[in-house]
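The data block below is upload_32.cif; it holds mmCIF, C-alpha atoms.
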```cif
data_target
loop_
_atom_site.label_atom_id
_atom_site.label_comp_id
_atom_site.auth_asym_id
_atom_site.auth_seq_id
_atom_site.Cartn_x
_atom_site.Cartn_y
_atom_site.Cartn_z
CA GLU A 85 12.50 9.81 29.34
CA ALA A 86 9.96 9.60 26.50
CA GLN A 87 11.20 11.70 23.65
CA VAL A 88 11.68 12.31 19.97
CA THR A 89 15.24 13.14 18.98
CA GLN A 90 16.50 14.72 15.80
CA ASN A 91 19.99 15.13 14.48
CA PRO A 92 21.57 17.37 13.56
CA ARG A 93 19.89 20.30 15.26
CA TYR A 94 21.53 22.81 12.96
CA LEU A 95 22.98 22.28 9.52
CA ILE A 96 24.38 24.57 6.87
CA THR A 97 25.06 22.90 3.55
CA VAL A 98 25.41 23.68 -0.14
CA THR A 99 23.12 23.02 -3.05
CA GLY A 100 23.22 19.46 -4.30
CA LYS A 101 25.02 17.84 -1.39
CA LYS A 102 22.95 14.92 -0.16
CA LEU A 103 22.00 14.97 3.48
CA THR A 104 19.98 12.99 5.97
CA VAL A 105 18.19 14.26 9.04
CA THR A 106 17.64 11.48 11.53
CA CYS A 107 14.61 11.09 13.74
CA SER A 108 14.21 8.57 16.52
CA GLN A 109 11.50 7.97 19.12
CA ASN A 110 11.56 5.76 22.19
CA MET A 111 7.82 5.53 22.82
CA ASN A 112 7.10 2.55 20.55
CA HIS A 113 4.85 4.76 18.46
CA GLU A 114 3.54 3.43 15.15
CA TYR A 115 2.93 6.81 13.54
CA MET A 116 5.69 9.19 12.56
CA SER A 117 5.69 12.30 10.45
CA TRP A 118 7.86 15.12 9.12
CA TYR A 119 6.81 18.76 8.94
CA ARG A 120 8.55 21.89 7.78
CA GLN A 121 7.93 25.31 9.23
CA ASP A 122 8.37 28.42 7.15
CA PRO A 123 7.53 32.07 7.92
CA GLY A 124 4.18 32.97 6.50
CA LEU A 125 3.43 29.38 5.48
CA GLY A 126 3.20 27.76 8.90
CA LEU A 127 3.72 24.05 9.44
CA ARG A 128 3.22 21.74 6.52
CA GLN A 129 3.50 17.99 6.39
CA ILE A 130 6.19 16.47 4.17
CA TYR A 131 5.80 12.72 4.66
CA TYR A 132 4.24 10.41 7.17
CA SER A 133 4.42 6.76 8.14
CA MET A 134 1.66 4.71 9.70
CA ASN A 135 3.99 1.83 10.54
CA VAL A 136 7.18 0.04 9.50
CA GLU A 137 7.56 -0.03 5.71
CA VAL A 138 4.41 2.10 5.29
CA THR A 139 5.08 5.65 4.17
CA ASP A 140 3.11 8.19 2.19
CA LYS A 141 3.35 11.73 0.91
CA GLY A 142 2.11 14.71 2.79
CA ASP A 143 1.41 18.13 1.33
CA VAL A 144 4.94 19.10 0.28
CA PRO A 145 6.91 15.92 -0.54
CA GLU A 146 8.87 17.21 -3.55
CA GLY A 147 12.61 16.97 -3.05
CA TYR A 148 12.39 14.67 -0.06
CA LYS A 149 12.54 10.96 0.61
CA VAL A 150 11.90 8.94 3.73
CA SER A 151 12.24 5.38 4.91
CA ARG A 152 10.79 3.42 7.81
CA LYS A 153 12.78 0.24 8.24
CA GLU A 154 12.50 0.20 12.01
CA LYS A 155 9.68 1.38 14.21
CA ARG A 156 11.77 3.87 16.12
CA ASN A 157 13.52 5.60 13.20
CA PHE A 158 12.18 7.79 10.41
CA PRO A 159 14.99 9.59 8.57
CA LEU A 160 14.36 12.44 6.15
CA ILE A 161 16.60 12.40 3.08
CA LEU A 162 17.34 15.33 0.82
CA GLU A 163 19.09 13.83 -2.18
CA SER A 164 19.90 17.14 -3.85
CA PRO A 165 19.08 20.00 -1.52
CA SER A 166 18.14 23.37 -2.95
CA PRO A 167 17.88 26.79 -1.29
CA ASN A 168 14.07 26.56 -1.17
CA GLN A 169 14.49 23.70 1.28
CA THR A 170 15.98 26.05 3.82
CA SER A 171 13.57 25.65 6.70
CA LEU A 172 12.93 24.44 10.23
CA TYR A 173 12.11 20.75 10.19
CA PHE A 174 10.18 18.83 12.81
CA CYS A 175 9.76 15.13 13.27
CA ALA A 176 6.75 13.89 15.23
CA SER A 177 5.47 10.58 16.51
CA GLY A 178 2.16 9.30 17.83
CA LYS A 179 0.33 6.11 18.68
CA GLY A 180 -1.46 3.99 16.11
CA GLY A 181 -4.35 6.35 15.45
CA GLY A 182 -2.49 8.45 12.95
CA SER A 183 -2.86 12.14 13.56
CA THR A 184 -5.88 11.65 15.83
CA ASP A 185 -3.60 10.74 18.66
CA THR A 186 -1.36 13.30 20.25
CA GLN A 187 1.77 13.88 18.23
CA TYR A 188 4.97 14.54 20.11
CA PHE A 189 7.50 16.64 18.29
CA GLY A 190 11.25 16.55 18.23
CA PRO A 191 13.31 19.66 18.99
CA GLY A 192 13.58 20.68 15.35
CA THR A 193 16.39 20.85 12.80
CA ARG A 194 17.26 24.22 11.33
CA LEU A 195 18.57 23.66 7.81
CA THR A 196 20.19 26.26 5.62
CA VAL A 197 20.98 25.42 2.00
CA LEU A 198 23.34 27.86 0.31
CA ALA B 439 -11.61 21.44 3.09
CA GLN B 440 -10.21 21.74 6.55
CA LYS B 441 -8.87 25.01 7.85
CA VAL B 442 -7.72 26.54 11.11
CA THR B 443 -7.75 30.30 11.59
CA GLN B 444 -5.91 32.11 14.35
CA ALA B 445 -6.82 35.68 13.61
CA GLN B 446 -4.59 37.21 16.26
CA THR B 447 -1.10 37.42 14.86
CA GLU B 448 0.47 38.96 17.93
CA ILE B 449 -0.73 39.76 21.42
CA SER B 450 1.17 41.76 23.99
CA VAL B 451 0.18 41.78 27.66
CA VAL B 452 1.65 42.71 30.98
CA GLU B 453 2.37 40.03 33.51
CA LYS B 454 -0.65 38.87 35.56
CA GLU B 455 -3.10 39.87 32.88
CA ASP B 456 -5.48 37.22 31.54
CA VAL B 457 -5.25 36.57 27.83
CA THR B 458 -7.38 34.55 25.40
CA LEU B 459 -6.05 33.13 22.16
CA ASP B 460 -8.69 32.52 19.55
CA CYS B 461 -8.96 29.49 17.28
CA VAL B 462 -11.68 28.99 14.68
CA TYR B 463 -11.76 25.86 12.57
CA GLU B 464 -13.57 24.64 9.49
CA THR B 465 -14.37 21.02 8.76
CA ARG B 466 -17.22 18.98 7.36
CA ASP B 467 -16.25 16.00 9.48
CA THR B 468 -18.41 14.99 12.40
CA THR B 469 -15.48 13.34 14.10
CA TYR B 470 -12.35 15.38 14.44
CA TYR B 471 -9.65 16.29 16.93
CA LEU B 472 -8.31 19.63 18.05
CA PHE B 473 -4.96 20.40 19.56
CA TRP B 474 -2.98 23.27 21.01
CA TYR B 475 0.81 23.43 20.89
CA LYS B 476 3.24 25.93 22.35
CA GLN B 477 6.45 26.98 20.60
CA PRO B 478 8.70 28.86 23.02
CA PRO B 479 11.65 30.96 21.80
CA SER B 480 13.86 27.87 21.96
CA GLY B 481 11.88 26.51 19.01
CA GLU B 482 10.48 23.16 20.06
CA LEU B 483 6.79 22.32 19.83
CA VAL B 484 5.20 21.43 23.14
CA PHE B 485 1.87 19.64 23.30
CA LEU B 486 -0.73 21.32 25.50
CA ILE B 487 -4.10 19.69 24.90
CA ARG B 488 -6.08 17.32 22.69
CA ARG B 489 -9.84 17.40 22.40
CA ASN B 490 -12.19 15.26 20.31
CA SER B 491 -15.32 16.64 18.70
CA PHE B 492 -17.66 14.75 20.99
CA ASP B 493 -16.23 16.17 24.16
CA GLU B 494 -17.37 19.74 24.58
CA GLN B 495 -16.47 20.01 28.22
CA ASN B 496 -14.20 22.89 28.98
CA GLU B 497 -10.89 21.97 30.51
CA ILE B 498 -8.71 23.65 33.07
CA SER B 499 -5.11 22.83 33.78
CA GLY B 500 -3.55 25.17 36.28
CA ARG B 501 -3.51 28.64 34.73
CA TYR B 502 -4.57 27.26 31.36
CA SER B 503 -8.15 26.71 30.26
CA TRP B 504 -9.81 25.79 27.00
CA ASN B 505 -13.28 26.63 25.76
CA PHE B 506 -14.57 24.33 23.01
CA GLN B 507 -17.77 25.45 21.29
CA LYS B 508 -18.95 23.39 18.35
CA SER B 509 -21.77 25.86 17.64
CA THR B 510 -19.22 28.51 16.70
CA SER B 511 -16.44 26.11 15.59
CA SER B 512 -14.09 27.60 18.11
CA PHE B 513 -11.51 26.20 20.49
CA ASN B 514 -10.16 29.14 22.43
CA PHE B 515 -7.30 29.07 24.90
CA THR B 516 -7.10 31.28 27.97
CA ILE B 517 -4.07 31.90 30.15
CA THR B 518 -4.95 33.29 33.54
CA ALA B 519 -2.48 35.51 35.38
CA SER B 520 0.04 35.37 32.55
CA GLN B 521 3.74 35.07 33.25
CA VAL B 522 6.83 35.96 31.26
CA VAL B 523 7.46 32.24 30.71
CA ASP B 524 4.20 32.09 28.76
CA SER B 525 5.81 34.15 25.99
CA ALA B 526 5.72 31.91 22.93
CA VAL B 527 3.95 31.21 19.68
CA TYR B 528 0.81 29.15 20.20
CA PHE B 529 -0.63 26.94 17.49
CA CYS B 530 -4.08 25.48 17.18
CA ALA B 531 -4.36 22.36 15.00
CA LEU B 532 -7.03 20.09 13.57
CA SER B 533 -7.10 16.45 12.47
CA GLY B 534 -10.06 14.85 10.76
CA VAL B 535 -11.15 12.17 8.34
CA SER B 536 -11.08 14.65 5.45
CA GLY B 537 -7.35 14.76 5.90
CA GLY B 538 -7.22 11.00 6.17
CA TYR B 539 -6.37 11.30 9.84
CA ASN B 540 -2.82 11.46 8.58
CA LYS B 541 -1.81 14.99 9.36
CA LEU B 542 -2.37 18.00 11.52
CA ILE B 543 -3.73 21.14 9.92
CA PHE B 544 -2.11 24.01 11.78
CA GLY B 545 -3.23 27.56 12.17
CA ALA B 546 -0.76 30.34 11.48
CA GLY B 547 -0.04 30.75 15.17
CA THR B 548 -0.41 33.59 17.66
CA ARG B 549 2.71 35.16 19.10
CA LEU B 550 2.17 36.05 22.75
CA ALA B 551 4.54 38.46 24.46
CA VAL B 552 4.20 38.79 28.22
CA HIS B 553 6.07 41.76 29.63
CA PRO B 554 7.17 42.16 33.24
#
```
Please render this file's structure as structure tokens.
Amino acid sequence: EAQVTQNPRYLITVTGKKLTVTCSQNMNHEYMSWYRQDPGLGLRQIYYSMNVEVTDKGDVPEGYKVSRKEKRNFPLILESPSPNQTSLYFCASGKGGGSTDTQYFGPGTRLTVL
Amino acid sequence: AQKVTQAQTEISVVEKEDVTLDCVYETRDTTYYLFWYKQPPSGELVFLIRRNSFDEQNEISGRYSWNFQKSTSSFNFTITASQVVDSAVYFCALSGVSGGYNKLIFGAGTRLAVHP
């Protein structure tokens, strides 16, 4: 089944404790992206990747890092999480046309930083 | 700048009613893409439709239909004979060269509640 998976689905952590949210897709998509969803602010892009080893900042990259060493994986790293990073996070993937092609989203990761 | 406006924050209907969700977009691009996504109470984002700016044909998929009008910069979504399972938040989104074709610009979403 074609899908985007994220792990963990739910996470409660404390300020400053490094964490990684994994994202994996099995559709051989070149484009991958991370968004966060916050009440009143909607969905905003954090980082995106057009292909392996090619990543770039989105609208709200502060406090996040990403890597794209393999085509299928695009982990989101929070080196020192803070409470303002409490949010619902979505990973998405699409074919090689960037965001012009349909993006398929993972199930979301609900992160709480205390 | 690119922008997507979904003026209806919440809509409440009774089952079997037809309902239209409005989406108005702003862009200076001549080539752009429009999308609709559904976010049910379980939280995931489900793709519904993609439309490019050169294809103004309306589309129907079962009980769902979309009306794209470039003259009014609108891409409205109609659910015919709504069902309780249609209850969700619906997002309209835009991608264009102004954004580098690197991201989706989402509207704020419309929460649809369908009551039995």
Next item on the list: Skip B:Phe529 itself and residues of its chain fewer than 5 positions away, then list as JSON, numbers by chain all residues within 8 Å of it, counting only C-alpha atoms.
Entry: {"B": [474, 475, 476, 477, 544, 545, 546, 547, 548]}
Checklist line | Pick from A:Pro165, A:Gly124, A:Pro92, A:Gly147, whichever lies nearest to chain B using only C-alpha atoms | finding: A:Gly124
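Between B:Gln444 and the candidates A:Gly126, A:Gly182, A:Gly142, A:Gly100, the tightest atom-to-atom separation, counting all atoms listed in the file, involves A:Gly126.
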Next item on the list: Decode the PyMOL selection byres ((chain B) within 12 of (chain A)) for the given file into explicit residues and return them as a PyMOL selection string.
Entry: chain B and resi 442-444+447+469-491+527-548
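Atom CA of B:Val452 lies 8.3 Å from atom CA of B:Ala551.
Across the structure, atom CA of B:Phe513 and atom CA of B:Asp460 are spaced 7.0 Å apart.
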May I have the centre and edge lengths, in Å to one decimal, of an axis-aligned box around the listed atoms of stretch 112-129 of chain A with 5 Å added to every side, as JSON?
```
{"center_x": 5.7, "center_y": 17.8, "center_z": 13.0, "size_x": 15.6, "size_y": 40.4, "size_z": 25.1}
```
Any idea what's packed within 9 Å of A:Leu160, counting only C-alpha atoms, ignoring anything in its chain fewer than 2 positions away? Could you give it as a compact mmCIF listing (two decimals) with C-alpha atoms, in the frame of the given file?
```txt
# COMPACT_ATOMS: atom_id res chain seq x y z
CA LEU A 103 22.00 14.97 3.48
CA THR A 104 19.98 12.99 5.97
CA VAL A 105 18.19 14.26 9.04
CA THR A 106 17.64 11.48 11.53
CA CYS A 107 14.61 11.09 13.74
CA TRP A 118 7.86 15.12 9.12
CA TYR A 131 5.80 12.72 4.66
CA TYR A 148 12.39 14.67 -0.06
CA LYS A 149 12.54 10.96 0.61
CA VAL A 150 11.90 8.94 3.73
CA SER A 151 12.24 5.38 4.91
CA PHE A 158 12.18 7.79 10.41
CA LEU A 162 17.34 15.33 0.82
CA CYS A 175 9.76 15.13 13.27
```
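For A:Ser164, the list of residues within 7 Å, based on only C-alpha atoms and with local chain neighbours fewer than 3 positions off taken out, reads Thr99, Gly100, Lys101 and Lys102 of chain A.
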Check: Applied to this file, what does the PyMOL selection byres ((chain B and resi 441) around 6) return in terms of residues, put as an NGL selection string?
Finding: :B and (440 or 442 or 463-464)
